[in-house]
Structures are given as C-alpha cells and as structure tokens.
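With compact mmCIF, C-alpha atoms inside, this is run_21.txt:
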# COMPACT_ATOMS: atom_id res chain seq x y z
CA MET A 1 80.10 9.51 82.78
CA GLY A 2 77.20 9.61 80.39
CA PRO A 3 76.56 10.76 76.86
CA GLN A 4 76.57 14.37 77.86
CA PHE A 5 80.16 14.17 79.02
CA SER A 6 81.24 12.57 75.71
CA VAL A 7 79.65 15.36 73.77
CA VAL A 8 81.39 18.02 75.87
CA VAL A 9 84.75 16.33 75.33
CA MET A 10 84.18 16.20 71.57
CA LEU A 11 83.30 19.86 71.45
CA CYS A 12 86.48 20.79 73.36
CA LEU A 13 88.64 18.75 71.02
CA CYS A 14 86.99 20.26 67.97
CA SER A 15 87.52 23.75 69.31
CA LEU A 16 91.24 23.00 69.64
CA GLY A 17 91.38 21.81 65.98
CA PHE A 18 91.73 18.11 66.65
CA CYS A 19 88.54 16.97 64.75
CA ALA A 20 87.23 17.22 61.18
CA PRO A 21 84.20 19.31 60.24
CA PRO A 22 81.00 17.53 61.11
CA THR A 23 79.08 15.70 58.38
CA GLN A 24 75.36 15.18 58.05
CA GLN A 25 75.72 11.64 59.45
CA SER A 26 77.74 12.89 62.45
CA VAL A 27 75.30 15.71 63.15
CA ALA A 28 72.39 13.25 62.98
CA ALA A 29 74.28 10.92 65.31
CA MET A 30 74.94 13.74 67.78
CA LYS A 31 71.26 14.78 67.69
CA LYS A 32 70.24 11.20 68.24
CA ALA A 33 72.72 10.90 71.17
CA ARG A 34 71.25 13.99 72.77
CA GLY A 35 67.75 12.67 72.23
CA ASP A 36 66.78 15.56 69.95
CA VAL A 37 65.63 13.26 67.03
CA PRO A 38 63.51 10.19 67.55
CA ASP A 39 64.56 6.85 66.03
CA GLN A 40 61.59 6.92 63.52
CA LEU A 41 59.96 10.08 62.21
CA PRO A 42 56.14 9.93 62.12
CA GLU A 43 54.45 9.75 58.66
CA PRO A 44 52.98 13.11 57.56
CA GLU A 45 49.23 13.21 57.94
CA PRO A 46 47.32 13.55 54.64
CA GLU A 47 45.72 16.84 54.02
CA PRO A 48 41.94 16.63 54.40
CA THR A 49 40.01 16.58 51.08
CA SER A 50 37.30 19.17 50.72
CA GLN A 51 33.89 17.66 49.74
CA LEU A 52 32.89 21.04 48.32
CA SER A 53 35.86 20.98 45.94
CA ASP A 54 34.88 17.53 44.55
CA PHE A 55 31.29 18.69 44.03
CA GLU A 56 32.47 21.78 42.17
CA ASN A 57 34.70 19.68 39.90
CA THR A 58 31.84 17.27 39.13
CA TYR A 59 29.45 20.15 38.54
CA ASN A 60 31.89 21.92 36.22
CA TYR A 61 32.46 18.66 34.31
CA ILE A 62 28.74 18.15 33.87
CA LEU A 63 28.33 21.74 32.68
CA SER A 64 31.13 21.28 30.12
CA ARG A 65 29.54 18.05 28.81
CA LEU A 66 26.15 19.75 28.60
CA ALA A 67 27.73 22.59 26.66
CA ASP A 68 29.29 20.07 24.25
CA MET A 69 25.95 18.32 23.83
CA ASP A 70 24.19 21.64 23.23
CA GLN A 71 26.74 22.50 20.54
CA ALA A 72 26.29 19.08 18.93
CA ILE A 73 22.49 19.48 18.98
CA HIS A 74 22.85 22.90 17.39
CA LYS A 75 24.96 21.43 14.62
CA LEU A 76 22.36 18.70 14.10
CA ASN A 77 19.60 21.31 13.91
CA VAL A 78 21.57 23.29 11.36
CA GLY A 79 22.22 20.14 9.34
CA HIS A 80 18.53 19.14 9.56
CA TYR A 81 17.44 22.58 8.39
CA THR A 82 19.91 22.45 5.50
CA LEU A 83 18.63 18.99 4.57
CA ASP A 84 15.03 20.24 4.68
CA VAL A 85 15.93 23.08 2.34
CA LYS A 86 17.64 20.70 -0.10
CA VAL A 87 14.71 18.26 0.03
CA SER A 88 12.31 21.13 -0.66
CA GLN A 89 14.44 22.25 -3.60
CA MET A 90 14.55 18.70 -4.93
CA GLY A 91 10.78 18.46 -4.56
CA ASP A 92 10.35 21.65 -6.60
CA ARG A 93 12.70 20.32 -9.27
CA LEU A 94 10.87 16.99 -9.39
CA SER A 95 7.58 18.83 -9.76
CA ARG A 96 9.00 20.79 -12.70
CA ILE A 97 10.38 17.56 -14.18
CA ASP A 98 6.98 15.88 -13.77
CA GLY A 99 5.41 18.78 -15.62
CA LYS A 100 7.95 18.40 -18.44
CA VAL A 101 7.34 14.65 -18.56
CA VAL A 102 3.59 15.23 -18.88
CA GLU A 103 4.23 17.69 -21.70
CA LEU A 104 6.54 15.19 -23.43
CA GLU A 105 3.97 12.42 -23.03
CA ASP A 106 1.34 14.64 -24.64
CA ILE A 107 3.73 15.44 -27.50
CA ILE A 108 4.58 11.76 -27.96
CA HIS A 109 0.87 10.88 -27.91
CA ASP A 110 0.15 13.52 -30.54
CA LEU A 111 3.08 12.34 -32.67
CA ASP A 112 1.94 8.73 -32.36
CA LYS A 113 -1.59 9.69 -33.41
CA TYR A 114 -0.25 11.76 -36.28
CA SER A 115 1.98 8.86 -37.35
CA LYS A 116 -0.93 6.41 -37.28
CA ASP A 117 -3.18 8.83 -39.17
CA ASN A 118 -0.42 9.45 -41.69
CA ARG A 119 0.12 5.71 -42.13
CA LYS A 120 -3.58 5.20 -42.67
CA GLU A 121 -3.70 7.95 -45.27
CA MET A 122 -0.63 6.55 -47.02
CA GLY A 123 -2.23 3.09 -47.01
CA ARG A 124 -5.44 4.45 -48.43
CA LEU A 125 -3.60 6.31 -51.20
CA GLU A 126 -1.56 3.20 -51.97
CA GLY A 127 -4.70 1.08 -52.10
CA CYS A 128 -6.37 3.40 -54.58
CA GLN A 129 -3.25 3.97 -56.71
CA LYS A 130 -2.06 0.36 -56.92
CA GLY A 131 -5.36 -1.48 -56.51
CA ARG A 132 -8.71 -1.55 -58.31
CA ARG A 133 -11.34 1.19 -58.03
CA VAL A 134 -14.91 -0.03 -57.83
CA GLY A 135 -17.50 2.67 -57.27
CA TYR A 136 -16.59 4.53 -54.08
CA LYS A 137 -14.11 1.88 -52.96
CA CYS A 138 -10.58 0.77 -53.75
CA TYR A 139 -9.33 -2.83 -53.37
CA LEU A 140 -5.75 -4.03 -53.01
CA VAL A 141 -4.38 -7.56 -52.52
CA TYR A 142 -1.48 -8.06 -50.08
CA ARG A 143 0.67 -11.11 -50.68
CA ASN A 144 1.86 -11.31 -47.05
CA PHE A 145 0.44 -14.32 -45.22
CA GLU A 146 -1.62 -13.58 -42.11
CA ASP A 147 -4.32 -15.37 -40.14
CA TYR A 148 -7.79 -13.84 -40.18
CA ALA A 149 -7.28 -11.59 -37.13
CA GLY A 150 -3.84 -10.47 -38.32
CA ALA A 151 -5.14 -9.64 -41.80
CA SER A 152 -8.00 -7.60 -40.32
CA ARG A 153 -5.56 -5.68 -38.12
CA LYS A 154 -3.16 -4.99 -41.01
CA CYS A 155 -5.95 -3.54 -43.15
CA MET A 156 -7.08 -1.27 -40.30
CA GLU A 157 -3.52 -0.05 -39.71
CA ARG A 158 -3.41 0.97 -43.38
CA GLY A 159 -6.62 2.95 -43.05
CA GLY A 160 -8.90 0.32 -44.56
CA ARG A 161 -10.60 -2.95 -43.65
CA LEU A 162 -10.87 -6.47 -45.00
CA ALA A 163 -12.85 -6.50 -48.24
CA MET A 164 -16.62 -6.77 -47.77
CA PRO A 165 -18.39 -7.25 -51.12
CA ARG A 166 -21.99 -6.34 -50.32
CA ASP A 167 -23.72 -7.07 -53.63
CA ARG A 168 -23.27 -8.89 -56.92
CA ARG A 169 -21.64 -5.91 -58.67
CA GLU A 170 -18.95 -5.54 -56.01
CA GLN A 171 -18.46 -9.31 -55.84
CA GLU A 172 -17.91 -9.63 -59.60
CA ALA A 173 -15.54 -6.66 -59.70
CA VAL A 174 -13.49 -7.98 -56.77
CA ALA A 175 -13.41 -11.52 -58.21
CA ASP A 176 -12.20 -10.19 -61.57
CA TYR A 177 -9.44 -8.14 -59.87
CA VAL A 178 -8.21 -11.03 -57.69
CA LYS A 179 -8.22 -13.44 -60.64
CA ALA A 180 -6.15 -11.01 -62.73
CA PHE A 181 -3.78 -10.42 -59.81
CA TYR A 182 -2.93 -14.13 -59.33
CA GLN A 183 -3.40 -15.44 -62.89
CA PRO A 184 -2.50 -18.12 -63.79
CA GLY A 185 -2.26 -19.21 -60.18
CA ASN A 186 -5.08 -20.01 -57.80
CA LEU A 187 -4.70 -18.78 -54.22
CA PRO A 188 -7.33 -17.88 -51.61
CA VAL A 189 -7.50 -14.43 -50.01
CA TRP A 190 -9.24 -13.44 -46.80
CA LEU A 191 -12.48 -11.47 -46.96
CA GLY A 192 -13.96 -9.55 -44.05
CA ILE A 193 -16.70 -12.12 -43.37
CA ASN A 194 -17.10 -14.60 -40.47
CA ASP A 195 -19.63 -16.39 -38.28
CA LEU A 196 -17.53 -16.27 -35.10
CA LEU A 197 -20.34 -14.70 -33.08
CA SER A 198 -22.94 -17.33 -33.90
CA GLU A 199 -22.65 -20.43 -36.08
CA GLY A 200 -24.29 -19.88 -39.46
CA MET A 201 -24.90 -16.14 -38.91
CA TYR A 202 -22.35 -14.46 -41.16
CA LEU A 203 -21.33 -10.89 -40.41
CA PHE A 204 -19.02 -8.42 -42.08
CA ASP A 205 -16.03 -7.17 -40.11
CA ASP A 206 -17.93 -3.98 -39.27
CA GLY A 207 -20.68 -6.04 -37.58
CA THR A 208 -23.36 -5.71 -40.27
CA ARG A 209 -25.26 -8.75 -41.52
CA VAL A 210 -24.19 -10.37 -44.81
CA SER A 211 -27.10 -10.48 -47.27
CA TYR A 212 -25.33 -11.53 -50.46
CA PHE A 213 -23.32 -14.79 -50.68
CA GLN A 214 -21.08 -16.34 -53.29
CA TRP A 215 -20.51 -19.81 -51.80
CA ARG A 216 -18.91 -22.44 -53.97
CA LYS A 217 -21.51 -24.85 -55.28
CA HIS A 218 -20.27 -28.23 -56.45
CA PHE A 219 -21.64 -31.72 -56.18
CA LEU A 220 -18.38 -32.88 -54.55
CA SER A 221 -17.74 -29.99 -52.13
CA SER A 222 -20.37 -27.35 -51.49
CA GLN A 223 -19.60 -24.49 -49.08
CA PRO A 224 -19.81 -23.78 -46.24
CA ASP A 225 -18.94 -27.23 -44.93
CA GLY A 226 -16.71 -26.58 -41.91
CA GLY A 227 -19.41 -26.32 -39.27
CA ARG A 228 -18.15 -24.87 -36.00
CA ARG A 229 -14.52 -25.50 -36.91
CA GLU A 230 -14.25 -23.20 -39.96
CA ASN A 231 -15.65 -19.76 -39.23
CA CYS A 232 -13.79 -17.33 -41.50
CA VAL A 233 -14.41 -16.75 -45.22
CA ALA A 234 -11.87 -16.56 -48.06
CA MET A 235 -12.28 -16.02 -51.80
CA SER A 236 -10.77 -18.37 -54.36
CA SER A 237 -8.78 -16.42 -56.94
CA ASP A 238 -9.63 -18.57 -59.97
CA ASP A 239 -13.42 -18.23 -59.87
CA GLY A 240 -14.21 -15.84 -56.98
CA ASP A 241 -16.19 -18.41 -54.99
CA TRP A 242 -16.28 -18.24 -51.17
CA TRP A 243 -14.90 -20.95 -48.91
CA ASP A 244 -15.04 -21.26 -45.15
CA HIS A 245 -11.66 -21.87 -43.49
CA TYR A 246 -10.00 -22.20 -40.10
CA CYS A 247 -9.49 -18.64 -38.85
CA ASP A 248 -5.90 -19.36 -37.81
CA ARG A 249 -4.87 -20.40 -41.33
CA ASN A 250 -2.29 -18.08 -42.91
CA MET A 251 -3.02 -16.69 -46.38
CA SER A 252 -2.97 -13.48 -48.40
CA TYR A 253 -5.70 -10.92 -47.80
CA LEU A 254 -7.74 -8.31 -49.66
CA CYS A 255 -8.23 -4.83 -48.17
CA GLU A 256 -10.77 -2.22 -49.20
CA PHE A 257 -10.45 1.56 -48.81
CA ASP A 258 -12.78 4.54 -49.23
CA ASP A 259 -12.08 6.36 -52.49
CA ARG A 260 -12.26 9.99 -51.39
CA VAL A 261 -11.62 11.23 -54.92
CA ALA A 262 -14.79 9.52 -56.09
CA LEU A 263 -16.65 10.89 -53.08

Produce structure tokens that represent the structure in this file.
Amino acid sequence: MGPQFSVVVMLCLCSLGFCAPPTQQSVAAMKKARGDVPDQLPEPEPEPTSQLSDFENTYNYILSRLADMDQAIHKLNVGHYTLDVKVSQMGDRLSRIDGKVVELEDIIHDLDKYSKDNRKEMGRLEGCQKGRRVGYKCYLVYRNFEDYAGASRKCMERGGRLAMPRDRREQEAVADYVKAFYQPGNLPVWLGINDLLSEGMYLFDDGTRVSYFQWRKHFLSSQPDGGRRENCVAMSSDDGDWWDHYCDRNMSYLCEFDDRVAL
C-alpha cells in the first residue's frame, strides 16, 4: 500500500466526520505527498529591462537639465542687462557731477583771484593811509621779521613790492620816514635790492639795474663788504645807509605801493 491508499483512507474518514478541517500545512503536506508541489519552488525570473526605456529616461533628464540651464542663463542675461542700465545711469550721473565740479572749480578760482586782488587793494590802501607818500609812491614799514625772499613775497601779496629808491630824492624821503618810524631805535629794514644774479651787479626786485647807491662809507666798515656771502641790501634806520646782508637773515621790511590818487 502506497501513498495513494493513505490519502483515500484519510478522505473516507474525513467524509464520515472523524477528522478536523484541513489547515494550510496539511494541505501543503497532502500536495507534497501526491507530488503536486516540488520540494523547492524555482526563483521567479527577473523581468527584462528595456534599453529604450533607459535611453528615454536619460534623454528626458538631459532635457530637464538643459531647460534649467537655459532658465539660469536667461536670468543672468536679465541681470546683466539691468546692471548695464544701472552702470549707464551712473555714468550719466558722474558726467553731470564732473560738470558741476568743473563749474565749482571755476567759481573757486574766480573767488580766489578776487580774494587776492581784494587783499592787494586793501594792502595798497593801507600802505598809502598808514605809510608815507612820496611822489607817486607810498611806503610802509612792517615790523614782522622775514628773510629777504619772505619779505618780497609779503609785499607782493599786499599789492606792492619791496622798496626800491631809484634816486636821491626818494632815498632821502624813505630814510627820513624809516628814521622817524624807529626813533630812537636803530633797526635795519629790507630794501628790494640784491646781487643774487651776478656778484657786484645790483638789481632791483623788478629786474632793473640800480643806478643810485647809498652805501655806508666809514673808515672802519665800508659797504658792501660781504662778497659772495652777503647778497641782499638793507637800510639802516638811524642814517639811511645801505648794508649788504645774508639773504636768509630775518628783519623788518619796507614795502612800496603805487599811489593811484596821485596818479
């Protein structure tokens, strides 16, 4: 008696009510006894992958990335255009500002020139009101100490020049004024005379040749005696005589101005 007979007997008993309802395990055992189910089920074969489907996915991915890049490039172009517009606007504004700056520079230049001219006119009026009138000139002593170059510059800023007595009449008038200004003291004042260009060739500050001299004459110290070391001329306030001095020496100075009222 084989397995088939055992199965038939079990079926008969079950039909008569002598066995419990079959379970999944019992059914599987019965199928295995009959040979309906193999001991090991074969693994399911994988479904074949379509090469066309992978290509389409890759292609669609590339298209999506290209679309993203195109959108990004568009945004960059828009930003670049906006930047160009702003740069152009800034350039226009800078051009307008440059124009305003040029106008302001011209105004400042005019104001500076007006200020210098006004200072010169004020200096000239001061020289003629406070100083001594001699012919068509006015002379004024300034007590501030300056070297020769500084004194010359100060006189020019005031609209005048260092005093240049050109003849005996002017020399005597200037000497009398300086003596009265410092009396009873005795201090030298710069005149606009020097031999800086060539030793022994004395020129006025305006470049013209000096033809009248009032050098100090004394048996102990005759002037000029400085040689190449002392090249600038000062007037002694007690007697009006001229002395040569070092040009970098600091002393008071005498300015002369044109008397426009007399003119």

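Of the residues listed (A:Lys137, A:Glu56, A:Val233, A:Asp167), A:Asp167 shows the shortest atom-to-atom separation from Ser211 of chain A; distances use all atoms listed in the file.
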
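Atom CA of Leu191 of chain A lies 5.2 Å from atom CA of Ala234 of chain A.
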
Near-Cys247 of chain A list (9 Å; all atoms listed in the file; drop same-chain fewer than 5 positions) as a VMD selection string | chain A and resid 147 to 149 194 229 to 233

For the point (-14.6, 2.6, -55.9) in file coordinates, what residues are within 12 Å, counting all atoms listed in the file? Give the answer as a ChimeraX atom specification?
-> /A:124,127-129,131-140,165,169-170,173-174,256-263

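Within 12 Å of Tyr212 of chain A, once only C-alpha atoms are used and residues closer than 5 positions along the same chain are dropped, the contacting residues are Met164, Pro165, Arg166, Asp167, Arg168, Arg169, Glu170, Gln171, Glu172, Ile193, Tyr202, Leu203, Phe204 and Trp242 of chain A.
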
So which one's closest to Asn250 of chain A, A:Leu197, A:Val189, A:Met122, A:Met235? Using only C-alpha atoms, please.
-> A:Val189

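Relative to atom CA of Ala151 of chain A, atom CA of Lys120 of chain A is found at 14.9 Å.
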
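Between atom CA of Asp98 of chain A and atom CA of Gly79 of chain A the interatomic distance comes to 28.0 Å.
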
Please provide as a ChimeraX atom specification all residues within 12 Å of Gly150 of chain A, with the sequence filter that same-chain residues fewer than 3 positions apart are discarded (counting all atoms listed in the file).
-> /A:144-147,153-157,161-162,190,192,247-253

Restricting to only C-alpha atoms, whichever of A:Leu94, A:Arg143, A:Ala180, A:Ser115 is closest to Arg158 of chain A is A:Ser115

Residues near Gly226 of chain A, cut-off 9 Å, only C-alpha atoms, skip fewer than 5 positions along chain, as a list in words = Asn231, Asp244, His245 and Tyr246 of chain A

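Counting all atoms listed in the file and comparing A:Leu220, A:Cys255, A:Leu187, A:Ala72, the residue that lies closest to Asp205 of chain A is A:Cys255.
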
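Proximity ranking of A:Tyr114, A:Trp215, A:Tyr142, A:Tyr61 relative to Glu126 of chain A places A:Tyr142 first, based on all atoms listed in the file.
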